[in-house]
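What's in model21.txt: compact mmCIF, C-alpha atoms
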```txt
# COMPACT_ATOMS: atom_id res chain seq x y z
CA MET A 1 -146.03 106.71 -64.72
CA VAL A 2 -144.66 104.40 -62.07
CA TRP A 3 -141.08 105.32 -63.02
CA ILE A 4 -141.92 109.02 -62.67
CA LEU A 5 -143.18 108.24 -59.15
CA LEU A 6 -139.90 106.54 -58.28
CA PHE A 7 -137.95 109.44 -59.77
CA LEU A 8 -140.03 111.89 -57.69
CA ALA A 9 -139.48 109.75 -54.59
CA GLY A 10 -135.73 109.99 -55.20
CA ILE A 11 -135.86 113.79 -55.58
CA GLU A 12 -137.90 114.13 -52.38
CA GLU A 13 -135.40 111.99 -50.54
CA VAL A 14 -132.61 114.26 -51.77
CA ILE A 15 -134.50 117.40 -50.67
CA ALA A 16 -135.04 115.82 -47.24
CA THR A 17 -131.34 114.99 -46.99
CA ILE A 18 -130.30 118.57 -47.89
CA ALA A 19 -132.73 119.87 -45.25
CA MET A 20 -131.17 117.47 -42.74
CA LYS A 21 -127.80 119.15 -43.26
CA TYR A 22 -129.34 122.54 -42.38
CA MET A 23 -131.26 121.31 -39.33
CA ASP A 24 -128.59 122.33 -36.84
CA GLY A 25 -129.68 119.75 -34.25
CA SER A 26 -133.43 120.33 -34.91
CA ARG A 27 -133.15 124.03 -33.97
CA LYS A 28 -134.20 125.19 -37.44
CA ILE A 29 -137.89 124.38 -37.62
CA TRP A 30 -138.18 125.11 -41.36
CA ALA A 31 -135.47 122.55 -42.14
CA VAL A 32 -137.07 119.94 -39.86
CA THR A 33 -140.44 120.52 -41.56
CA ILE A 34 -138.95 120.15 -45.05
CA MET A 35 -137.08 117.02 -44.00
CA ILE A 36 -140.11 115.27 -42.48
CA SER A 37 -142.47 116.17 -45.35
CA GLY A 38 -139.78 115.17 -47.87
CA PHE A 39 -139.42 111.71 -46.37
CA ILE A 40 -143.20 111.24 -46.03
CA PHE A 41 -143.76 112.17 -49.71
CA SER A 42 -140.89 109.92 -50.73
CA PHE A 43 -142.38 106.91 -48.92
CA TYR A 44 -145.82 107.77 -50.29
CA CYS A 45 -144.51 107.76 -53.88
CA LEU A 46 -142.69 104.48 -53.19
CA SER A 47 -145.87 102.86 -51.86
CA ARG A 48 -147.83 104.03 -54.93
CA ALA A 49 -145.15 102.63 -57.23
CA MET A 50 -145.27 99.31 -55.38
CA GLN A 51 -148.93 98.92 -56.21
CA ILE A 52 -148.02 98.77 -59.88
CA ILE A 53 -144.63 97.03 -60.04
CA PRO A 54 -143.10 94.34 -57.75
CA ALA A 55 -142.13 95.70 -54.31
CA GLY A 56 -138.56 94.37 -54.65
CA VAL A 57 -137.98 96.19 -57.94
CA ALA A 58 -139.51 99.45 -56.68
CA TYR A 59 -137.46 99.30 -53.49
CA ALA A 60 -134.20 98.68 -55.40
CA VAL A 61 -134.82 101.53 -57.86
CA TRP A 62 -135.86 103.88 -55.02
CA THR A 63 -132.62 103.13 -53.12
CA GLY A 64 -130.56 103.54 -56.30
CA VAL A 65 -132.11 106.85 -57.38
CA GLY A 66 -131.73 108.22 -53.84
CA SER A 67 -128.11 107.13 -53.74
CA ILE A 68 -127.28 108.85 -57.05
CA GLY A 69 -129.17 111.99 -56.03
CA ILE A 70 -127.44 112.32 -52.68
CA THR A 71 -124.01 111.85 -54.26
CA LEU A 72 -124.74 114.50 -56.92
CA VAL A 73 -125.95 116.93 -54.25
CA GLY A 74 -122.76 116.29 -52.27
CA ILE A 75 -120.72 117.19 -55.34
CA PHE A 76 -122.67 120.13 -56.75
CA TRP A 77 -124.13 121.64 -53.57
CA PHE A 78 -121.68 120.79 -50.82
CA ASN A 79 -118.56 120.78 -53.03
CA GLU A 80 -117.46 117.23 -52.29
CA ARG A 81 -114.95 115.69 -54.67
CA PHE A 82 -116.12 113.48 -57.51
CA ARG A 83 -114.04 110.37 -57.97
CA LEU A 84 -113.73 107.60 -60.52
CA PRO A 85 -115.21 104.87 -58.24
CA GLN A 86 -118.29 107.08 -57.82
CA LEU A 87 -118.61 107.51 -61.58
CA ILE A 88 -118.41 103.72 -62.06
CA SER A 89 -120.96 103.15 -59.26
CA LEU A 90 -123.25 105.74 -60.83
CA ALA A 91 -123.03 103.95 -64.17
CA LEU A 92 -123.81 100.59 -62.51
CA ILE A 93 -126.89 102.02 -60.78
CA LEU A 94 -128.10 103.55 -64.06
CA ILE A 95 -127.57 100.26 -65.92
CA GLY A 96 -129.46 98.47 -63.13
CA VAL A 97 -132.39 100.92 -63.17
CA ILE A 98 -132.68 100.98 -66.97
CA GLY A 99 -132.38 97.18 -67.08
CA LEU A 100 -135.15 96.78 -64.51
CA ARG A 101 -137.28 99.25 -66.47
CA VAL A 102 -136.80 97.23 -69.67
CA THR A 103 -137.44 93.82 -68.04
CA ALA A 104 -140.44 95.04 -65.98
CA MET B 1 -123.43 91.47 -31.48
CA ASN B 2 -123.02 94.49 -33.77
CA TRP B 3 -123.46 92.35 -36.85
CA LEU B 4 -126.69 91.10 -35.31
CA LEU B 5 -127.89 94.74 -35.25
CA VAL B 6 -127.09 95.07 -38.96
CA PHE B 7 -128.82 91.77 -39.69
CA VAL B 8 -131.98 92.71 -37.77
CA ALA B 9 -131.96 96.18 -39.41
CA GLY B 10 -131.80 94.51 -42.84
CA ILE B 11 -134.64 92.12 -42.02
CA LEU B 12 -136.80 95.01 -40.76
CA GLU B 13 -136.08 96.76 -44.05
CA VAL B 14 -137.46 93.75 -45.92
CA VAL B 15 -140.51 93.67 -43.62
CA TRP B 16 -141.49 97.32 -44.05
CA ALA B 17 -140.75 97.38 -47.77
CA SER B 18 -142.91 94.30 -48.32
CA TYR B 19 -145.60 95.62 -45.98
CA LEU B 20 -145.73 99.07 -47.60
CA LYS B 21 -147.25 97.61 -50.76
CA TYR B 22 -150.32 96.56 -48.80
CA ALA B 23 -150.48 99.59 -46.47
CA ASP B 24 -153.76 101.44 -46.85
CA THR B 25 -154.94 102.41 -43.36
CA VAL B 26 -153.40 104.99 -41.02
CA TRP B 27 -152.27 102.17 -38.71
CA ASP B 28 -150.47 100.44 -41.56
CA TRP B 29 -148.56 103.67 -42.13
CA VAL B 30 -147.77 104.11 -38.43
CA ILE B 31 -146.36 100.56 -38.29
CA THR B 32 -144.35 101.11 -41.48
CA ILE B 33 -142.82 104.37 -40.24
CA LEU B 34 -142.03 102.77 -36.88
CA LEU B 35 -140.23 99.88 -38.61
CA ILE B 36 -138.27 102.32 -40.79
CA VAL B 37 -137.17 104.33 -37.75
CA ILE B 38 -136.15 101.23 -35.76
CA SER B 39 -134.29 99.82 -38.76
CA PHE B 40 -132.26 103.02 -39.19
CA MET B 41 -131.57 103.36 -35.46
CA LEU B 42 -130.16 99.83 -35.38
CA LEU B 43 -128.01 100.48 -38.45
CA ILE B 44 -126.63 103.77 -37.09
CA ARG B 45 -125.91 102.10 -33.74
CA SER B 46 -123.91 99.37 -35.47
CA TYR B 47 -121.68 102.08 -37.01
CA ARG B 48 -120.06 102.56 -33.59
CA LYS B 49 -118.25 99.23 -33.86
CA ILE B 50 -118.36 98.25 -37.55
CA PRO B 51 -116.96 100.32 -40.47
CA VAL B 52 -119.86 102.19 -42.10
CA ALA B 53 -119.19 100.83 -45.61
CA ALA B 54 -119.17 97.20 -44.40
CA ALA B 55 -122.32 97.58 -42.30
CA TYR B 56 -124.15 99.47 -45.05
CA THR B 57 -123.16 96.91 -47.68
CA VAL B 58 -124.68 94.05 -45.69
CA PHE B 59 -127.72 96.16 -44.76
CA VAL B 60 -128.56 97.27 -48.32
CA GLY B 61 -127.80 93.76 -49.62
CA ILE B 62 -130.25 92.11 -47.23
CA GLY B 63 -132.81 94.86 -47.91
CA THR B 64 -132.67 94.74 -51.71
CA VAL B 65 -132.30 91.02 -52.33
CA GLY B 66 -134.56 90.15 -49.38
CA THR B 67 -137.40 92.37 -50.60
CA TYR B 68 -137.18 90.86 -54.08
CA ILE B 69 -137.23 87.29 -52.72
CA ALA B 70 -140.05 88.15 -50.27
CA GLY B 71 -141.98 89.49 -53.28
CA ILE B 72 -141.57 86.17 -55.10
CA PHE B 73 -142.99 84.34 -52.07
CA LEU B 74 -145.89 86.82 -51.98
CA GLY B 75 -146.69 85.89 -55.57
CA GLU B 76 -144.91 88.60 -57.57
CA HIS B 77 -143.62 88.11 -61.09
CA PHE B 78 -140.01 86.87 -61.17
CA SER B 79 -137.35 86.75 -63.90
CA SER B 80 -133.63 85.99 -64.04
CA GLY B 81 -133.06 89.15 -66.11
CA GLN B 82 -134.46 91.28 -63.29
CA LEU B 83 -132.28 89.48 -60.77
CA LEU B 84 -129.23 90.29 -62.91
CA PHE B 85 -130.05 94.02 -63.13
CA LEU B 86 -130.94 94.04 -59.43
CA THR B 87 -127.44 92.71 -58.67
CA ILE B 88 -125.81 95.34 -60.92
CA LEU B 89 -127.81 98.08 -59.20
CA LEU B 90 -126.83 96.71 -55.79
CA ALA B 91 -123.14 96.73 -56.79
CA GLY B 92 -123.53 100.39 -57.76
CA ILE B 93 -125.16 101.39 -54.46
CA ILE B 94 -122.49 99.58 -52.46
CA GLY B 95 -119.72 101.15 -54.57
CA MET B 96 -121.23 104.60 -54.13
CA LYS B 97 -121.48 104.24 -50.38
CA SER B 98 -117.97 102.82 -50.00
CA SER B 99 -116.26 105.44 -52.17
CA THR B 100 -118.12 108.38 -50.60
CA LYS B 101 -117.32 107.33 -47.03
CA LYS B 102 -113.67 106.76 -47.81
CA GLU B 103 -113.40 110.34 -48.98
CA LYS B 104 -114.86 111.69 -45.74
CA GLY B 105 -112.45 109.59 -43.73
CA GLU B 106 -109.51 111.25 -45.47
CA GLN B 107 -110.54 114.79 -44.68
```
Please, can you express the file's structure as structure tokens?
Amino acid sequence: MVWILLFLAGIEEVIATIAMKYMDGSRKIWAVTIMISGFIFSFYCLSRAMQIIPAGVAYAVWTGVGSIGITLVGIFWFNERFRLPQLISLALILIGVIGLRVTA
Amino acid sequence: MNWLLVFVAGILEVVWASYLKYADTVWDWVITILLIVISFMLLIRSYRKIPVAAAYTVFVGIGTVGTYIAGIFLGEHFSSGQLLFLTILLAGIIGMKSSTKKEKGEQ
């Protein structure tokens, strides 16, 4: 359950980041609204997760999932190039998250 | 001076992340959000003088390791296996940030 919360928090962070790209200097109200609610939900999920697992572990996983999500969005949504160092980094984050899940 | 901004931003990150666990009133949330905003403003300000990848590496390092250590002091469960996977995860985040920024710089 707690890992689903962290996964959700990561997705919400990604949605907020996409919305941020469309904000156009806070002129687009819909994008600003999505961004703010995305971040609030993300922090809410993080705080719920922290009540079950150690804060340090939840924080690390939350940062990692967000980082992977934002990179994937950059590649698949905004057509940024995918490079080998990113693939290695992605693998390291996944190993870290899975390892923390197993040792939790 | 700019590294001090990064350092303070990282410490604030540890403070809010440790505080969030115990946040249950509206005021707790207001304080948390305020700390998050200040932390990010300091980090972004440091980008003016320090390369983004270097600043972010130190920031996320202080945040991740600091929050875990703070948790131990606050009485959380601790294991060397977790510390190992935490370090691997941290290496991944830093690698991701460094490689992504490099690409933008080339465009």
Glu12 of chain A environment, 8 Å, only C-alpha atoms, sequence neighbours closer than 4 positions dropped, as a short mmCIF file (atom, residue, chain, number, x, y, z; two decimals) with C-alpha atoms, keeping the file's coordinate frame:
```cif
data_model
loop_
_atom_site.label_atom_id
_atom_site.label_comp_id
_atom_site.auth_asym_id
_atom_site.auth_seq_id
_atom_site.Cartn_x
_atom_site.Cartn_y
_atom_site.Cartn_z
CA LEU A 8 -140.03 111.89 -57.69
CA ALA A 16 -135.04 115.82 -47.24
CA GLY A 38 -139.78 115.17 -47.87
CA PHE A 39 -139.42 111.71 -46.37
CA PHE A 41 -143.76 112.17 -49.71
CA SER A 42 -140.89 109.92 -50.73
#
```
Excluding segment 75-81 of chain A and residues on its chain fewer than 3 positions from it, collect all residues at most 10 Å away from it, counting all atoms listed in the file, and give them as a PDB file with C-alpha atoms, in the coordinates of the input.
```pdb
ATOM      1  CA  ILE A  18    -130.300 118.570 -47.890  1.00  0.00           C
ATOM      2  CA  LYS A  21    -127.800 119.150 -43.260  1.00  0.00           C
ATOM      3  CA  GLY A  69    -129.170 111.990 -56.030  1.00  0.00           C
ATOM      4  CA  ILE A  70    -127.440 112.320 -52.680  1.00  0.00           C
ATOM      5  CA  THR A  71    -124.010 111.850 -54.260  1.00  0.00           C
ATOM      6  CA  LEU A  72    -124.740 114.500 -56.920  1.00  0.00           C
ATOM      7  CA  GLN A  86    -118.290 107.080 -57.820  1.00  0.00           C
TER       8      GLN A  86
ATOM      9  CA  THR B 100    -118.120 108.380 -50.600  1.00  0.00           C
ATOM     10  CA  GLU B 103    -113.400 110.340 -48.980  1.00  0.00           C
ATOM     11  CA  LYS B 104    -114.860 111.690 -45.740  1.00  0.00           C
TER      12      LYS B 104
END
```
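Our summary of the geometry notes that atom CA of Leu92 of chain A is positioned 8.3 Å from atom CA of Leu90 of chain B.
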Could you tell me which residues of chain B sit within 8 Å of chain A when counting all atoms listed in the file, and give me the result as an MDAnalysis selection string? chainID B and resid 17:18 20:23 64:71 76:77 81:82 85:97 99:100 103
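As for atom CA of Thr17 of chain A and atom CA of Leu4 of chain B, they are spaced 27.0 Å apart.
Between atom CA of Gly63 of chain B and atom CA of Val32 of chain A the separation is 26.7 Å.
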Residues within 12 Å of Ile44 of chain B, please, as a list in words. Count only C-alpha atoms; anything in the same chain fewer than 2 positions from it doesn't count. Asn2, Trp3, Leu5, Val6, Ala9, Val37, Ile38, Ser39, Phe40, Met41, Leu42, Ser46, Tyr47, Arg48, Lys49, Ile50, Pro51, Val52, Ala53, Ala55, Tyr56 and Phe59 of chain B
Selection file, C-alpha atoms, as a JSON list (two decimals), in the frame of the given file:
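The resulting file, selection_23.json, is shown below:
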```
[["chain", "number", "residue", "atom", "x", "y", "z"],
["B", 2, "ASN", "CA", -123.02, 94.49, -33.77],
["B", 3, "TRP", "CA", -123.46, 92.35, -36.85],
["B", 5, "LEU", "CA", -127.89, 94.74, -35.25],
["B", 6, "VAL", "CA", -127.09, 95.07, -38.96],
["B", 9, "ALA", "CA", -131.96, 96.18, -39.41],
["B", 37, "VAL", "CA", -137.17, 104.33, -37.75],
["B", 38, "ILE", "CA", -136.15, 101.23, -35.76],
["B", 39, "SER", "CA", -134.29, 99.82, -38.76],
["B", 40, "PHE", "CA", -132.26, 103.02, -39.19],
["B", 41, "MET", "CA", -131.57, 103.36, -35.46],
["B", 42, "LEU", "CA", -130.16, 99.83, -35.38],
["B", 46, "SER", "CA", -123.91, 99.37, -35.47],
["B", 47, "TYR", "CA", -121.68, 102.08, -37.01],
["B", 48, "ARG", "CA", -120.06, 102.56, -33.59],
["B", 49, "LYS", "CA", -118.25, 99.23, -33.86],
["B", 50, "ILE", "CA", -118.36, 98.25, -37.55],
["B", 51, "PRO", "CA", -116.96, 100.32, -40.47],
["B", 52, "VAL", "CA", -119.86, 102.19, -42.10],
["B", 53, "ALA", "CA", -119.19, 100.83, -45.61],
["B", 55, "ALA", "CA", -122.32, 97.58, -42.30],
["B", 56, "TYR", "CA", -124.15, 99.47, -45.05],
["B", 59, "PHE", "CA", -127.72, 96.16, -44.76]]
```
Ranking A:Met20, A:Val73, A:Ala9, A:Val14 by minimum distance to Cys45 of chain A and counting all atoms listed in the file, which one comes first?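 Counting all atoms listed in the file, the residue closest to Cys45 of chain A is A:Ala9.
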For Arg45 of chain B, which residue out of B:Trp16, B:Val8, B:Ile62, B:Phe73 is the nearest one, using all atoms listed in the file?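 Using all atoms listed in the file, the shortest distance to Arg45 of chain B belongs to B:Val8.
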Could you add all heavy atoms to segment 2-13 of chain B and give me the result as an mmCIF file, keeping the file's coordinate frame?
```
data_model
loop_
_atom_site.group_PDB
_atom_site.id
_atom_site.type_symbol
_atom_site.label_atom_id
_atom_site.label_comp_id
_atom_site.auth_asym_id
_atom_site.auth_seq_id
_atom_site.Cartn_x
_atom_site.Cartn_y
_atom_site.Cartn_z
ATOM 1 N N ASN B 2 -122.744 93.361 -32.879
ATOM 2 C CA ASN B 2 -123.020 94.490 -33.770
ATOM 3 C C ASN B 2 -123.495 94.036 -35.145
ATOM 4 O O ASN B 2 -124.314 94.715 -35.767
ATOM 5 C CB ASN B 2 -121.786 95.371 -33.886
ATOM 6 C CG ASN B 2 -121.596 96.192 -32.639
ATOM 7 O OD1 ASN B 2 -122.310 97.152 -32.409
ATOM 8 N ND2 ASN B 2 -120.680 95.773 -31.787
ATOM 9 N N TRP B 3 -122.984 92.881 -35.572
ATOM 10 C CA TRP B 3 -123.460 92.350 -36.850
ATOM 11 C C TRP B 3 -124.900 91.900 -36.741
ATOM 12 O O TRP B 3 -125.657 91.944 -37.709
ATOM 13 C CB TRP B 3 -122.564 91.212 -37.332
ATOM 14 C CG TRP B 3 -121.314 91.737 -37.961
ATOM 15 C CD1 TRP B 3 -120.054 91.688 -37.453
ATOM 16 C CD2 TRP B 3 -121.213 92.441 -39.200
ATOM 17 N NE1 TRP B 3 -119.173 92.311 -38.299
ATOM 18 C CE2 TRP B 3 -119.854 92.782 -39.387
ATOM 19 C CE3 TRP B 3 -122.148 92.832 -40.175
ATOM 20 C CZ2 TRP B 3 -119.395 93.483 -40.499
ATOM 21 C CZ3 TRP B 3 -121.682 93.524 -41.292
ATOM 22 C CH2 TRP B 3 -120.337 93.837 -41.436
ATOM 23 N N LEU B 4 -125.298 91.491 -35.540
ATOM 24 C CA LEU B 4 -126.690 91.100 -35.310
ATOM 25 C C LEU B 4 -127.603 92.316 -35.515
ATOM 26 O O LEU B 4 -128.677 92.209 -36.103
ATOM 27 C CB LEU B 4 -126.842 90.539 -33.884
ATOM 28 C CG LEU B 4 -128.197 89.929 -33.566
ATOM 29 C CD1 LEU B 4 -128.395 88.631 -34.342
ATOM 30 C CD2 LEU B 4 -128.339 89.659 -32.074
ATOM 31 N N LEU B 5 -127.129 93.506 -35.061
ATOM 32 C CA LEU B 5 -127.890 94.740 -35.250
ATOM 33 C C LEU B 5 -128.099 95.009 -36.744
ATOM 34 O O LEU B 5 -129.200 95.347 -37.177
ATOM 35 C CB LEU B 5 -127.152 95.934 -34.628
ATOM 36 C CG LEU B 5 -126.996 95.984 -33.112
ATOM 37 C CD1 LEU B 5 -126.204 97.216 -32.713
ATOM 38 C CD2 LEU B 5 -128.359 96.013 -32.439
ATOM 39 N N VAL B 6 -127.022 94.837 -37.515
ATOM 40 C CA VAL B 6 -127.090 95.070 -38.960
ATOM 41 C C VAL B 6 -128.067 94.075 -39.593
ATOM 42 O O VAL B 6 -128.902 94.440 -40.422
ATOM 43 C CB VAL B 6 -125.695 94.902 -39.611
ATOM 44 C CG1 VAL B 6 -125.771 95.071 -41.117
ATOM 45 C CG2 VAL B 6 -124.705 95.892 -39.022
ATOM 46 N N PHE B 7 -127.971 92.822 -39.155
ATOM 47 C CA PHE B 7 -128.820 91.770 -39.690
ATOM 48 C C PHE B 7 -130.301 92.050 -39.399
ATOM 49 O O PHE B 7 -131.139 91.997 -40.304
ATOM 50 C CB PHE B 7 -128.387 90.427 -39.069
ATOM 51 C CG PHE B 7 -129.025 89.239 -39.696
ATOM 52 C CD1 PHE B 7 -128.653 88.818 -40.968
ATOM 53 C CD2 PHE B 7 -130.005 88.522 -39.030
ATOM 54 C CE1 PHE B 7 -129.252 87.723 -41.562
ATOM 55 C CE2 PHE B 7 -130.615 87.430 -39.616
ATOM 56 C CZ PHE B 7 -130.231 87.036 -40.882
ATOM 57 N N VAL B 8 -130.589 92.401 -38.149
ATOM 58 C CA VAL B 8 -131.980 92.710 -37.770
ATOM 59 C C VAL B 8 -132.472 93.941 -38.532
ATOM 60 O O VAL B 8 -133.600 93.964 -39.034
ATOM 61 C CB VAL B 8 -132.114 92.910 -36.238
ATOM 62 C CG1 VAL B 8 -133.517 93.361 -35.863
ATOM 63 C CG2 VAL B 8 -131.768 91.620 -35.503
ATOM 64 N N ALA B 9 -131.598 94.969 -38.666
ATOM 65 C CA ALA B 9 -131.960 96.180 -39.410
ATOM 66 C C ALA B 9 -132.335 95.823 -40.853
ATOM 67 O O ALA B 9 -133.320 96.316 -41.399
ATOM 68 C CB ALA B 9 -130.818 97.189 -39.387
ATOM 69 N N GLY B 10 -131.546 94.934 -41.463
ATOM 70 C CA GLY B 10 -131.800 94.510 -42.840
ATOM 71 C C GLY B 10 -133.124 93.761 -42.966
ATOM 72 O O GLY B 10 -133.896 93.990 -43.904
ATOM 73 N N ILE B 11 -133.390 92.880 -42.005
ATOM 74 C CA ILE B 11 -134.640 92.120 -42.020
ATOM 75 C C ILE B 11 -135.847 93.055 -41.860
ATOM 76 O O ILE B 11 -136.849 92.924 -42.572
ATOM 77 C CB ILE B 11 -134.652 91.057 -40.871
ATOM 78 C CG1 ILE B 11 -133.522 90.036 -41.072
ATOM 79 C CG2 ILE B 11 -136.010 90.365 -40.783
ATOM 80 C CD1 ILE B 11 -133.679 89.114 -42.260
ATOM 81 N N LEU B 12 -135.715 94.040 -40.954
ATOM 82 C CA LEU B 12 -136.800 95.010 -40.760
ATOM 83 C C LEU B 12 -137.054 95.794 -42.035
ATOM 84 O O LEU B 12 -138.201 96.129 -42.365
ATOM 85 C CB LEU B 12 -136.469 95.978 -39.617
ATOM 86 C CG LEU B 12 -136.549 95.400 -38.203
ATOM 87 C CD1 LEU B 12 -136.176 96.456 -37.178
ATOM 88 C CD2 LEU B 12 -137.956 94.876 -37.909
ATOM 89 N N GLU B 13 -135.976 96.065 -42.766
ATOM 90 C CA GLU B 13 -136.080 96.760 -44.050
ATOM 91 C C GLU B 13 -136.940 95.934 -45.024
ATOM 92 O O GLU B 13 -137.812 96.467 -45.696
ATOM 93 C CB GLU B 13 -134.656 96.949 -44.588
ATOM 94 C CG GLU B 13 -134.493 97.994 -45.644
ATOM 95 C CD GLU B 13 -134.517 99.419 -45.128
ATOM 96 O OE1 GLU B 13 -134.721 99.637 -43.922
ATOM 97 O OE2 GLU B 13 -134.361 100.320 -45.962
#
```
